[in-house]
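Structure data follow from work-v2.txt (compact mmCIF, C-alpha atoms):
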# COMPACT_ATOMS: atom_id res chain seq x y z
CA MET A 1 -2.17 25.45 15.47
CA SER A 2 -4.29 22.63 14.09
CA SER A 3 -2.69 20.31 11.55
CA PRO A 4 -4.15 19.54 8.17
CA GLN A 5 -4.57 15.83 7.87
CA ILE A 6 -5.53 15.56 4.24
CA LEU A 7 -3.09 14.28 1.64
CA TYR A 8 -3.92 14.44 -2.06
CA CYS A 9 -1.92 12.52 -4.69
CA HIS A 10 -2.01 14.00 -8.19
CA CYS A 11 -0.69 10.78 -9.84
CA ALA A 12 1.12 13.10 -12.24
CA TYR A 13 3.13 10.53 -14.18
CA ALA A 14 0.42 8.17 -15.40
CA ARG A 15 -3.13 8.29 -16.61
CA VAL A 16 -4.58 5.60 -14.42
CA VAL A 17 -6.64 7.98 -12.28
CA PRO A 18 -9.50 9.55 -14.25
CA GLU A 19 -8.53 13.15 -15.02
CA ASP A 20 -11.97 14.55 -14.18
CA VAL A 21 -11.98 12.85 -10.78
CA LYS A 22 -8.52 14.20 -9.94
CA GLN A 23 -9.46 17.71 -11.00
CA ASP A 24 -12.80 17.68 -9.21
CA VAL A 25 -11.33 16.39 -5.95
CA LEU A 26 -8.61 19.04 -6.06
CA ALA A 27 -11.13 21.77 -6.89
CA LYS A 28 -13.36 20.72 -4.00
CA LEU A 29 -10.41 20.70 -1.61
CA CYS A 30 -9.40 24.17 -2.79
CA ALA A 31 -12.93 25.45 -2.30
CA SER A 32 -13.35 23.87 1.12
CA GLY A 33 -11.54 26.39 3.26
CA GLN A 34 -9.30 23.66 4.70
CA SER A 35 -5.55 23.33 4.55
CA PHE A 36 -4.18 20.22 2.88
CA ASP A 37 -0.97 18.70 1.53
CA GLY A 38 -0.58 17.63 -2.07
CA VAL A 39 2.07 15.48 -3.72
CA ALA A 40 2.75 15.12 -7.42
CA ASP A 41 3.01 11.34 -7.36
CA LEU A 42 3.23 9.01 -4.38
CA CYS A 43 4.81 6.29 -6.53
CA GLU A 44 7.72 8.55 -7.44
CA MET A 45 8.22 9.57 -3.81
CA SER A 46 8.16 5.94 -2.71
CA ALA A 47 10.67 4.90 -5.38
CA LYS A 48 13.01 7.65 -4.20
CA LYS A 49 12.42 6.85 -0.53
CA ASP A 50 11.51 10.51 -0.07
CA PRO A 51 12.08 11.38 3.62
CA SER A 52 9.08 13.71 3.67
CA LEU A 53 6.78 10.67 3.46
CA LEU A 54 7.53 9.75 7.07
CA PRO A 55 6.13 12.91 8.73
CA LEU A 56 3.16 12.73 6.37
CA ALA A 57 2.51 9.11 7.34
CA GLN A 58 2.81 9.82 11.04
CA GLN A 59 -0.04 12.33 11.16
CA PRO A 60 -2.84 10.98 13.30
CA GLY A 61 -6.19 10.70 11.57
CA LEU A 62 -4.65 11.17 8.13
CA LYS A 63 -6.99 10.96 5.12
CA ILE A 64 -5.44 10.21 1.74
CA ALA A 65 -6.98 10.69 -1.69
CA ALA A 66 -4.99 8.49 -4.04
CA CYS A 67 -5.61 5.01 -5.47
CA TYR A 68 -6.13 1.48 -4.10
CA PRO A 69 -5.59 1.34 -0.33
CA ARG A 70 -3.42 -1.79 -0.59
CA ALA A 71 -1.13 -0.02 -3.06
CA VAL A 72 -0.95 3.15 -0.96
CA LYS A 73 -0.15 1.19 2.18
CA TRP A 74 2.77 -0.68 0.62
CA LEU A 75 4.09 2.38 -1.24
CA PHE A 76 4.52 4.12 2.11
CA ALA A 77 5.96 0.98 3.70
CA ALA A 78 8.46 0.58 0.85
CA ALA A 79 9.74 4.09 1.59
CA GLY A 80 10.25 3.27 5.26
CA ALA A 81 7.22 5.35 6.23
CA PRO A 82 4.53 2.95 7.41
CA LEU A 83 1.04 4.40 7.72
CA GLN A 84 -0.76 4.59 11.04
CA ASN A 85 -3.63 2.20 11.70
CA ASP A 86 -6.20 4.99 11.68
CA VAL A 87 -5.37 6.21 8.17
CA GLN A 88 -8.27 6.48 5.74
CA VAL A 89 -7.50 5.91 2.05
CA LEU A 90 -9.94 7.05 -0.64
CA ASN A 91 -9.61 5.61 -4.11
CA MET A 92 -9.79 8.07 -7.00
CA ARG A 93 -9.65 5.14 -9.46
CA THR A 94 -12.99 3.76 -8.32
CA GLN A 95 -14.84 6.38 -6.26
CA SER A 96 -16.55 9.54 -7.46
CA ALA A 97 -15.16 12.99 -6.71
CA GLU A 98 -18.26 13.83 -4.68
CA GLU A 99 -17.92 10.75 -2.52
CA ILE A 100 -14.21 11.35 -1.95
CA ALA A 101 -14.62 15.04 -1.13
CA ASP A 102 -17.42 14.24 1.30
CA GLU A 103 -15.27 11.75 3.12
CA LEU A 104 -12.16 13.93 3.11
CA LEU A 105 -13.92 16.98 4.41
CA ASN A 106 -16.44 15.47 6.80
CA GLU A 107 -15.54 14.47 10.30
CA GLY A 108 -17.60 11.29 10.27
CA VAL A 109 -16.55 7.81 9.19
CA SER A 110 -18.60 6.01 6.57
CA SER A 111 -18.90 2.38 5.57
CA SER A 112 -16.67 2.87 2.52
CA ASP A 113 -13.67 4.04 4.53
CA HIS A 114 -10.56 1.92 4.37
CA HIS A 115 -8.97 1.71 7.79
CA TYR A 116 -6.03 -0.52 8.48
CA GLU A 117 -6.33 -3.10 11.19
CA GLU A 118 -3.53 -4.60 13.21
CA ASN A 119 -2.64 -7.11 10.48
CA GLY A 120 -2.36 -4.30 7.97
CA GLN A 121 -5.15 -5.43 5.63
CA SER A 122 -7.60 -2.80 4.59
CA MET B 123 18.01 16.62 -14.02
CA THR B 124 17.04 16.04 -10.44
CA SER B 125 13.69 15.89 -8.75
CA PRO B 126 12.19 18.82 -6.88
CA ALA B 127 11.79 16.38 -3.97
CA VAL B 128 15.49 16.71 -3.19
CA GLY B 129 15.70 20.48 -3.76
CA ILE B 130 12.68 22.63 -3.19
CA GLN B 131 10.83 20.08 -1.14
CA ARG B 132 7.48 21.77 -0.92
CA VAL B 133 5.62 24.77 -2.31
CA ILE B 134 3.16 26.33 0.09
CA VAL B 135 0.29 28.38 -1.23
CA TYR B 136 -0.20 30.57 1.82
CA GLU B 137 -3.50 32.14 2.84
CA GLY B 138 -2.87 32.42 6.56
CA PRO B 139 -2.67 35.56 8.70
CA GLU B 140 -1.25 38.64 6.94
CA ALA B 141 -2.12 37.30 3.49
CA LEU B 142 -5.11 37.77 1.23
CA PRO B 143 -7.02 34.77 -0.08
CA PHE B 144 -6.84 33.74 -3.72
CA GLU B 145 -9.93 33.46 -5.88
CA ALA B 146 -11.12 29.84 -5.86
CA ALA B 147 -10.37 29.23 -9.54
CA VAL B 148 -6.89 30.79 -9.28
CA ARG B 149 -6.10 28.74 -6.18
CA ALA B 150 -7.15 25.49 -7.89
CA ASP B 151 -5.30 26.32 -11.13
CA LEU B 152 -2.12 27.23 -9.25
CA LEU B 153 -2.10 24.02 -7.21
CA GLN B 154 -2.95 21.88 -10.19
CA THR B 155 -0.14 23.44 -12.23
CA LEU B 156 2.41 22.97 -9.45
CA LEU B 157 1.41 19.34 -8.84
CA GLY B 158 1.34 18.63 -12.56
CA ARG B 159 4.92 19.88 -12.86
CA GLY B 160 6.12 17.52 -10.17
CA TYR B 161 6.15 19.73 -7.08
CA ALA B 162 4.78 18.79 -3.70
CA ALA B 163 2.34 21.60 -2.98
CA SER B 164 0.29 22.47 0.08
CA LEU B 165 -2.49 24.91 0.78
CA ARG B 166 -2.26 26.66 4.12
CA ARG B 167 -5.20 28.57 5.52
CA ALA B 168 -5.57 30.21 8.93
CA GLY B 169 -4.39 27.75 11.53
CA GLY B 170 -2.41 25.66 9.08
CA ARG B 171 1.21 25.11 9.97
CA LEU B 172 3.91 26.41 7.66
CA VAL B 173 6.73 24.07 8.49
CA ASP B 174 6.69 20.91 10.51
CA LEU B 175 6.84 18.16 7.96
CA GLY B 176 10.62 18.07 8.16
CA HIS B 177 11.24 20.04 4.99
CA GLU B 178 14.47 21.93 4.72
CA SER B 179 13.66 23.94 1.62
CA ILE B 180 10.30 25.57 1.02
CA VAL B 181 8.84 28.10 -1.39
CA VAL B 182 5.96 30.20 -0.06
CA LEU B 183 3.58 31.86 -2.52
CA GLY B 184 1.11 34.39 -1.14
CA ARG B 185 -0.82 37.56 -1.82
CA PHE B 186 0.89 39.83 0.67
CA ALA B 187 -0.13 43.10 -0.99
CA GLY B 188 3.44 44.34 -1.14
CA SER B 189 4.38 43.50 2.42
CA ILE B 190 5.77 40.09 3.26
CA PRO B 191 5.23 39.40 6.99
CA ASP B 192 8.24 40.14 9.17
CA TRP B 193 8.43 36.64 10.59
CA MET B 194 8.67 35.21 7.08
CA GLN B 195 11.36 37.70 6.13
CA ARG B 196 13.34 36.76 9.24
CA GLY B 197 13.05 33.14 8.16
CA VAL B 198 12.52 29.95 10.09
CA GLU B 199 15.40 28.21 11.83
CA GLY B 200 16.63 25.19 9.94
CA VAL B 201 14.54 25.95 6.88
CA ASP B 202 15.64 27.47 3.60
CA LEU B 203 12.59 29.67 3.03
CA HIS B 204 11.91 31.37 -0.31
CA VAL B 205 8.92 33.75 0.01
CA HIS B 206 7.30 35.34 -3.04
CA ASP B 207 4.49 37.87 -3.17
CA ILE B 208 2.44 36.87 -6.22
CA ALA B 209 -0.39 39.36 -5.76
CA ASP B 210 0.15 40.82 -9.23
CA ARG B 211 1.48 37.70 -10.93
CA THR B 212 -0.13 35.27 -13.34
CA ILE B 213 -0.02 31.57 -12.60
CA ASP B 214 2.74 31.03 -15.14
CA GLU B 215 4.77 33.80 -13.54
CA ALA B 216 4.21 32.33 -10.07
CA VAL B 217 5.34 28.90 -11.24
CA GLY B 218 8.31 30.60 -12.91
CA LEU B 219 9.33 31.99 -9.51
CA VAL B 220 9.26 28.47 -8.08
CA GLU B 221 11.41 27.21 -10.92
CA GLN B 222 13.77 30.12 -10.38
CA SER B 223 14.12 29.14 -6.72
CA CYS B 224 14.91 25.60 -7.85
CA GLN B 225 17.68 26.88 -10.09
CA GLU B 226 19.07 29.09 -7.33
CA THR B 227 19.33 26.09 -5.06
CA GLY B 228 20.98 24.08 -7.80
CA ARG B 229 18.02 21.78 -8.24
CA GLY B 230 16.06 21.09 -11.37
CA THR B 231 12.59 19.96 -12.20
CA ALA B 232 11.12 16.48 -12.38
CA ASN B 233 13.11 14.07 -14.52
CA GLY B 234 10.07 12.70 -16.34
CA TRP B 235 10.60 9.10 -15.26
CA LYS B 236 7.33 7.24 -15.10
CA PRO B 237 7.58 5.65 -11.66
CA TRP B 238 6.99 2.06 -12.71
CA PHE B 239 8.36 -0.52 -10.30
CA PRO B 240 7.13 -3.45 -8.22
CA VAL B 241 5.82 -2.94 -4.69
CA ILE B 242 5.72 -5.97 -2.42
CA ASP B 243 2.66 -6.71 -0.29
CA TYR B 244 4.38 -8.32 2.70
CA ASP B 245 1.02 -9.42 4.10
CA ARG B 246 0.91 -11.91 1.18
CA CYS B 247 4.59 -12.50 0.35
CA THR B 248 5.98 -15.86 1.48
CA ASN B 249 9.59 -14.98 0.65
CA CYS B 250 9.73 -17.75 -2.01
CA MET B 251 12.21 -15.72 -4.11
CA GLN B 252 10.50 -16.58 -7.42
CA CYS B 253 10.55 -12.89 -8.37
CA LEU B 254 14.27 -12.73 -7.66
CA SER B 255 14.82 -15.81 -9.84
CA PHE B 256 12.64 -14.48 -12.61
CA CYS B 257 13.77 -10.86 -13.01
CA LEU B 258 16.67 -10.36 -15.43
CA PHE B 259 17.22 -6.74 -14.52
CA ASP B 260 18.36 -6.92 -10.88
CA VAL B 261 15.26 -5.12 -9.64
CA TYR B 262 14.99 -7.45 -6.66
CA GLY B 263 17.45 -8.14 -3.88
CA VAL B 264 17.62 -9.69 -0.45
CA THR B 265 18.00 -7.77 2.80
CA PRO B 266 20.73 -8.74 5.28
CA GLY B 267 17.91 -10.40 7.22
CA GLY B 268 17.06 -12.66 4.27
CA LYS B 269 13.92 -10.86 3.15
CA ILE B 270 13.06 -10.26 -0.49
CA THR B 271 13.09 -6.56 -1.32
CA VAL B 272 12.93 -4.17 -4.26
CA GLN B 273 16.39 -2.66 -4.48
CA ASN B 274 16.72 -1.11 -7.95
CA GLU B 275 13.36 0.45 -8.81
CA SER B 276 14.62 2.35 -11.83
CA ASN B 277 15.92 -0.86 -13.46
CA CYS B 278 12.33 -2.04 -13.94
CA LYS B 279 11.01 -2.07 -17.52
CA THR B 280 8.19 0.45 -17.86
CA ASP B 281 4.75 -1.14 -18.23
CA CYS B 282 6.10 -4.68 -17.77
CA PRO B 283 4.29 -6.47 -14.92
CA ALA B 284 5.72 -9.93 -15.71
CA CYS B 285 7.20 -10.64 -12.26
CA SER B 286 3.82 -10.00 -10.66
CA ARG B 287 2.30 -12.57 -13.02
CA VAL B 288 4.71 -15.28 -11.88
CA CYS B 289 4.26 -14.54 -8.17
CA PRO B 290 2.30 -17.50 -6.76
CA ASP B 291 0.93 -15.42 -3.89
CA VAL B 292 -0.27 -12.36 -5.83
CA ALA B 293 2.04 -10.32 -3.60
CA ILE B 294 3.58 -8.02 -6.20
CA LEU B 295 1.83 -4.78 -7.08
CA PHE B 296 2.37 -2.27 -9.81
CA PRO B 297 0.20 0.64 -8.60
CA LYS B 298 0.05 2.18 -12.09
CA TYR B 299 -1.06 -1.07 -13.77
CA LYS B 300 -4.42 -1.03 -15.53
CA ALA B 301 -6.13 -3.95 -13.79
CA GLY B 302 -6.51 -5.70 -10.48
CA PRO B 303 -5.21 -7.26 -8.40
CA ILE B 304 -1.81 -6.14 -9.73
CA ASN B 305 -2.84 -2.48 -9.37
CA GLY B 306 -3.52 -2.99 -5.66
CA ASP B 307 -7.17 -3.96 -5.88
CA GLU B 308 -8.25 -6.60 -3.39
CA VAL B 309 -7.11 -10.17 -4.10
CA ASN B 310 -9.81 -12.83 -4.34
CA SER B 311 -9.55 -16.62 -4.39
CA ASP B 312 -9.87 -16.75 -8.20
CA ASP B 313 -6.81 -14.51 -8.52
CA VAL B 314 -4.78 -16.84 -6.32
CA ARG B 315 -5.89 -19.93 -8.28
CA ARG B 316 -5.10 -18.26 -11.61
CA GLU B 317 -1.60 -17.25 -10.50
CA ALA B 318 -0.89 -20.77 -9.25
CA MET B 319 -1.89 -22.15 -12.67
CA LYS B 320 0.54 -19.81 -14.41
CA VAL B 321 3.41 -21.10 -12.33
CA ASP B 322 2.46 -24.67 -13.26
CA ILE B 323 2.45 -23.71 -16.94
CA SER B 324 5.89 -22.20 -16.54
CA ALA B 325 7.13 -25.45 -14.97
CA LEU B 326 5.66 -27.51 -17.84
CA LEU B 327 7.69 -25.44 -20.26
CA GLY B 328 10.83 -26.61 -18.51
CA GLY B 329 10.88 -23.73 -16.07
CA ASP B 330 12.82 -21.61 -18.53
CA ILE B 331 10.24 -19.14 -19.68
CA TYR B 332 12.88 -16.79 -21.07
CA ALA B 333 14.16 -19.45 -23.46
CA MET B 334 10.61 -19.88 -24.72
CA LEU B 335 10.14 -16.14 -25.11
CA ARG B 336 13.46 -15.74 -26.88
CA ASP B 337 12.82 -18.64 -29.21
CA ARG B 338 9.43 -17.32 -30.24
CA SER B 339 10.78 -13.80 -30.62
CA ALA B 340 13.56 -15.13 -32.88
CA LYS B 341 11.00 -16.94 -35.03
CA ALA B 342 9.01 -13.75 -35.33
CA LYS B 343 12.13 -11.82 -36.36
CA SER B 344 13.08 -14.51 -38.90
CA ARG B 345 9.69 -14.36 -40.51
CA PHE B 346 9.98 -10.58 -40.56
CA SER B 347 13.32 -10.67 -42.38
CA LYS B 348 11.89 -12.83 -45.18
CA GLU B 349 9.11 -10.43 -45.94
CA ARG B 350 9.57 -8.06 -48.85
CA ASP B 351 6.57 -5.90 -48.17
CA ASP B 352 7.61 -3.71 -45.22
CA GLU B 353 4.13 -2.82 -44.14
CA ARG B 354 2.97 -6.42 -44.33
CA ALA B 355 6.09 -7.56 -42.49
CA LEU B 356 5.49 -5.05 -39.73
CA LYS B 357 1.95 -6.27 -39.30
CA GLU B 358 3.20 -9.86 -39.18
CA ARG B 359 5.76 -9.03 -36.55
CA GLN B 360 3.17 -7.20 -34.48
CA ARG B 361 0.87 -10.22 -34.83
CA CYS B 362 3.64 -12.57 -33.70
CA LEU B 363 4.53 -10.43 -30.72
CA LYS B 364 0.88 -10.12 -29.79
CA LYS B 365 0.49 -13.90 -29.97
CA LEU B 366 3.62 -14.34 -27.90
CA LYS B 367 2.27 -12.00 -25.25
CA GLU B 368 -1.09 -13.73 -25.22
CA ASP B 369 0.39 -17.25 -25.11
CA ALA B 370 2.80 -16.50 -22.33
CA ASP B 371 0.11 -14.42 -20.58
CA LEU B 372 2.72 -12.29 -18.85
CA ASP B 373 1.67 -8.98 -20.41
CA ILE B 374 5.24 -8.10 -21.34
CA PRO B 375 5.31 -4.99 -23.57
CA ALA B 376 6.47 -5.60 -27.15
CA ASP B 377 9.43 -3.25 -26.78
CA VAL B 378 10.68 -5.20 -23.77
CA LEU B 379 10.33 -8.49 -25.66
CA ALA B 380 12.06 -7.04 -28.69
CA SER B 381 14.96 -5.85 -26.55
CA LEU B 382 15.60 -9.11 -24.75
CA PRO B 383 19.31 -9.95 -24.77
CA SER B 384 20.73 -13.00 -26.54
CA LEU B 385 19.80 -16.47 -25.32
CA ASP B 386 23.28 -16.97 -23.82
CA GLN B 387 23.02 -13.71 -21.90
CA ILE B 388 19.53 -14.57 -20.73
CA GLN B 389 20.69 -17.96 -19.50
CA GLN B 390 23.64 -16.42 -17.66
CA LYS B 391 21.49 -13.77 -16.02
CA ALA B 392 18.77 -16.27 -15.14
CA ALA B 393 21.33 -18.65 -13.64
CA ALA B 394 22.89 -15.86 -11.58
CA ALA B 395 19.49 -14.68 -10.35
CA LYS B 396 18.46 -18.23 -9.47
CA ALA B 397 21.73 -18.77 -7.58
CA ARG B 398 21.07 -15.64 -5.51
CA ALA B 399 17.54 -16.82 -4.77
CA ASP B 400 18.70 -20.33 -3.84
CA ALA B 401 21.39 -18.93 -1.57
CA ALA B 402 18.87 -16.68 0.18
CA ILE B 403 16.43 -19.56 0.65
CA LYS B 404 19.17 -21.81 2.03
CA GLN B 405 20.32 -19.09 4.41
CA ASN B 406 16.77 -18.51 5.60
CA GLN B 407 16.28 -22.25 6.16
CA ALA B 408 19.54 -22.43 8.12
CA ASN B 409 18.50 -19.43 10.23
CA ALA B 410 15.10 -21.00 10.90
CA ALA B 411 16.73 -24.32 11.91
CA ALA B 412 19.16 -22.51 14.22
CA GLN B 413 16.28 -20.64 15.83
CA SER B 414 14.26 -23.80 16.41
CA ASP B 415 17.33 -25.53 17.93
CA ALA B 416 17.81 -22.61 20.27
Reformat the file's structure so that it appears as structure tokens.
Amino acid sequence: MSSPQILYCHCAYARVVPEDVKQDVLAKLCASGQSFDGVADLCEMSAKKDPSLLPLAQQPGLKIAACYPRAVKWLFAAAGAPLQNDVQVLNMRTQSAEEIADELLNEGVSSSDHHYEENGQS
Amino acid sequence: MTSPAVGIQRVIVYEGPEALPFEAAVRADLLQTLLGRGYAASLRRAGGRLVDLGHESIVVLGRFAGSIPDWMQRGVEGVDLHVHDIADRTIDEAVGLVEQSCQETGRGTANGWKPWFPVIDYDRCTNCMQCLSFCLFDVYGVTPGGKITVQNESNCKTDCPACSRVCPDVAILFPKYKAGPINGDEVNSDDVRREAMKVDISALLGGDIYAMLRDRSAKAKSRFSKERDDERALKERQRCLKKLKEDADLDIPADVLASLPSLDQIQQKAAAAKARADAAIKQNQANAAAQSDA
């Protein structure tokens, strides 16, 4: 069976991600016909060192809809679940829902993707 | 209360083989409600795996039209599987079934804690231990290998990013902060220069920024106590606290400033934190010297 490689963070415990962007991204994922994983709040999971972050982080070709790539990278690292180099992080604080959904659901890689290099910088 | 992360670890909205699809709006509402209530929630379509993310406790919600698939009823080895047919249920009822499963497993719902804590960017951190020296609340610690780490996340004061403002390397993030680079936005050269200036200002004040904060807070309280008009006094206190925040430029919330312990306690805590930082730095220097000798 193929694995879904999309992770959506709902940032449930703060209002830093625009509500309309969060809702639109989630609605587009739900309408896409693809499987995906959602988490209530990556920050909370990181603070609790949630063990389910590790298998999520280890998925090859993972795409994450959350916030700033530097924050996402170190949240996973702080939980002992470092992200793979090929992870793509999309920022719901700065990007539009359309742009994010396009990048999550399309196979291609665009210029706005955030991929981690060997030194870990996005 | 505990978090669903340690009980029901994931809710799966299942639309794979032997299940009917949900209407798009229902699907989106259900997932949004579950995520908003603190549950990890996944959507599984045909071809999507049910369990291989290491979860031990899963709730499956599906439209099985009265017949839950045999393989689900038999269960999955090593997984505590709770399967519910929600074909005739409302969203509230479906979420109620999830909450019921949580109660049956002895787990509650999210505890409502706003996850506010520092996250270290080790690509930038130079292990200078300034954050360890600065924090009065034992948020930071040192690993056995001598590396600065965040050890008590829940001790952090909500909405207070002060330690990130004293970090000379802009290496401390608060992902839920309003502005960059503290929120994880990219760091530019102006950010680095600005942070370095703040450290210099702190040094000019005698290096004891807490004494300054406490002193100013005491003055604000004194002025408040002399006021007879309560409303006017409240405004004055708010003005003083605002000025204090602006002058110190650390963005410490007023409630954190107002709850600072006594000057003696602050000095004791600061001295203890500084001693831990100095000890860690000395140990790291000794380790580095031993390595270079070898």
Size and centre in Å, one decimal, axis-aligned box, all listed stretch 297-305 of chain B atoms plus 6 Å per side, as lines of an AutoDock Vina configuration file:
center_x = -3.2
center_y = -2.5
center_z = -12.0
size_x = 18.7
size_y = 21.4
size_z = 19.1
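Comparing A:Asn91, A:Asn85, A:Trp74, A:Gln5 by their smallest distance to B:Asp245, the closest is A:Trp74 (using only C-alpha atoms).
Near chain A, counting only C-alpha atoms at 6 Å, the chain B residues are Ala146, Ala150, Leu157, Gly158, Gly160, Tyr161, Ala162, Ala163, Ser164, Leu165, Arg166, Arg167, Gly169, Gly170, Leu175, Lys236, Pro237, Pro297, Gly306 and Asp307 of chain B.
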Just C-alpha atoms for this one: save the residues we selected as a CSV table (one decimal), in the frame of the given file.
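What landed in selection23.csv:
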chain,number,residue,atom,x,y,z
B,146,ALA,CA,-11.1,29.8,-5.9
B,150,ALA,CA,-7.2,25.5,-7.9
B,157,LEU,CA,1.4,19.3,-8.8
B,158,GLY,CA,1.3,18.6,-12.6
B,160,GLY,CA,6.1,17.5,-10.2
B,161,TYR,CA,6.2,19.7,-7.1
B,162,ALA,CA,4.8,18.8,-3.7
B,163,ALA,CA,2.3,21.6,-3.0
B,164,SER,CA,0.3,22.5,0.1
B,165,LEU,CA,-2.5,24.9,0.8
B,166,ARG,CA,-2.3,26.7,4.1
B,167,ARG,CA,-5.2,28.6,5.5
B,169,GLY,CA,-4.4,27.8,11.5
B,170,GLY,CA,-2.4,25.7,9.1
B,175,LEU,CA,6.8,18.2,8.0
B,236,LYS,CA,7.3,7.2,-15.1
B,237,PRO,CA,7.6,5.6,-11.7
B,297,PRO,CA,0.2,0.6,-8.6
B,306,GLY,CA,-3.5,-3.0,-5.7
B,307,ASP,CA,-7.2,-4.0,-5.9
Separation of atom CA of A:Ala66 and atom CA of A:Met92, in Å? 5.7 Å
Between A:Ser96, A:Leu90, A:Glu103, A:Val25, smallest distance to A:Ala65 by all atoms listed in the file belongs to A:Leu90
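The space separating atom CA of B:Ala209 from atom CA of B:Trp193 comes to 18.8 Å.
Proximity of B:Asp313, B:Asp281, B:Asp400, B:Asp260 to B:Pro375, computed with only C-alpha atoms, is greatest for B:Asp281.
Here atom CA of B:Val148 stands at a distance of 14.7 Å from atom CA of B:Asp207.
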Have a look at B:Leu219, B:Val309, B:Val205, B:Ile294 and name the one nearest to B:Asn249; count all atoms listed in the file. B:Ile294
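Proximity of A:Leu105, A:Leu83, A:Val89, A:Val21 to A:Ala57, computed with only C-alpha atoms, is greatest for A:Leu83.
Nearest residue to A:Gly80, choosing from A:Gln95, A:Lys49, A:Asp20, A:Leu104 and counting only C-alpha atoms: A:Lys49.
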Grab stretch 381-395 of chain B from that structure and dump N, CA and C atoms to a file, as an mmCIF file, in the first residue's frame.
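After the write, result-v5.cif holds the following:
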data_model
loop_
_atom_site.group_PDB
_atom_site.id
_atom_site.type_symbol
_atom_site.label_atom_id
_atom_site.label_comp_id
_atom_site.auth_asym_id
_atom_site.auth_seq_id
_atom_site.Cartn_x
_atom_site.Cartn_y
_atom_site.Cartn_z
ATOM 1 N N SER B 381 4.790 39.348 38.554
ATOM 2 C CA SER B 381 4.916 38.189 39.445
ATOM 3 C C SER B 381 6.363 37.830 39.748
ATOM 4 N N LEU B 382 7.278 38.720 39.381
ATOM 5 C CA LEU B 382 8.687 38.428 39.690
ATOM 6 C C LEU B 382 8.851 38.274 41.208
ATOM 7 N N PRO B 383 9.687 37.329 41.629
ATOM 8 C CA PRO B 383 9.895 37.164 43.068
ATOM 9 C C PRO B 383 10.663 38.350 43.665
ATOM 10 N N SER B 384 10.925 38.281 44.962
ATOM 11 C CA SER B 384 11.628 39.386 45.617
ATOM 12 C C SER B 384 13.046 39.497 45.067
ATOM 13 N N LEU B 385 13.661 40.657 45.311
ATOM 14 C CA LEU B 385 15.014 40.888 44.795
ATOM 15 C C LEU B 385 15.984 39.841 45.333
ATOM 16 N N ASP B 386 15.866 39.500 46.624
ATOM 17 C CA ASP B 386 16.751 38.487 47.208
ATOM 18 C C ASP B 386 16.602 37.146 46.490
ATOM 19 N N GLN B 387 15.344 36.780 46.258
ATOM 20 C CA GLN B 387 15.097 35.493 45.573
ATOM 21 C C GLN B 387 15.648 35.531 44.147
ATOM 22 N N ILE B 388 15.436 36.666 43.498
ATOM 23 C CA ILE B 388 15.956 36.791 42.128
ATOM 24 C C ILE B 388 17.472 36.634 42.130
ATOM 25 N N GLN B 389 18.108 37.318 43.072
ATOM 26 C CA GLN B 389 19.577 37.250 43.111
ATOM 27 C C GLN B 389 20.056 35.833 43.380
ATOM 28 N N GLN B 390 19.361 35.146 44.275
ATOM 29 C CA GLN B 390 19.753 33.755 44.577
ATOM 30 C C GLN B 390 19.591 32.866 43.350
ATOM 31 N N LYS B 391 18.437 33.011 42.694
ATOM 32 C CA LYS B 391 18.180 32.176 41.518
ATOM 33 C C LYS B 391 19.165 32.500 40.404
ATOM 34 N N ALA B 392 19.402 33.801 40.197
ATOM 35 C CA ALA B 392 20.328 34.207 39.139
ATOM 36 C C ALA B 392 21.736 33.692 39.420
ATOM 37 N N ALA B 393 22.131 33.757 40.691
ATOM 38 C CA ALA B 393 23.479 33.280 41.061
ATOM 39 C C ALA B 393 23.582 31.774 40.824
ATOM 40 N N ALA B 394 22.527 31.046 41.198
ATOM 41 C CA ALA B 394 22.550 29.588 41.010
ATOM 42 C C ALA B 394 22.594 29.236 39.527
ATOM 43 N N ALA B 395 21.796 29.957 38.731
ATOM 44 C CA ALA B 395 21.777 29.681 37.293
ATOM 45 C C ALA B 395 23.131 29.999 36.664
#
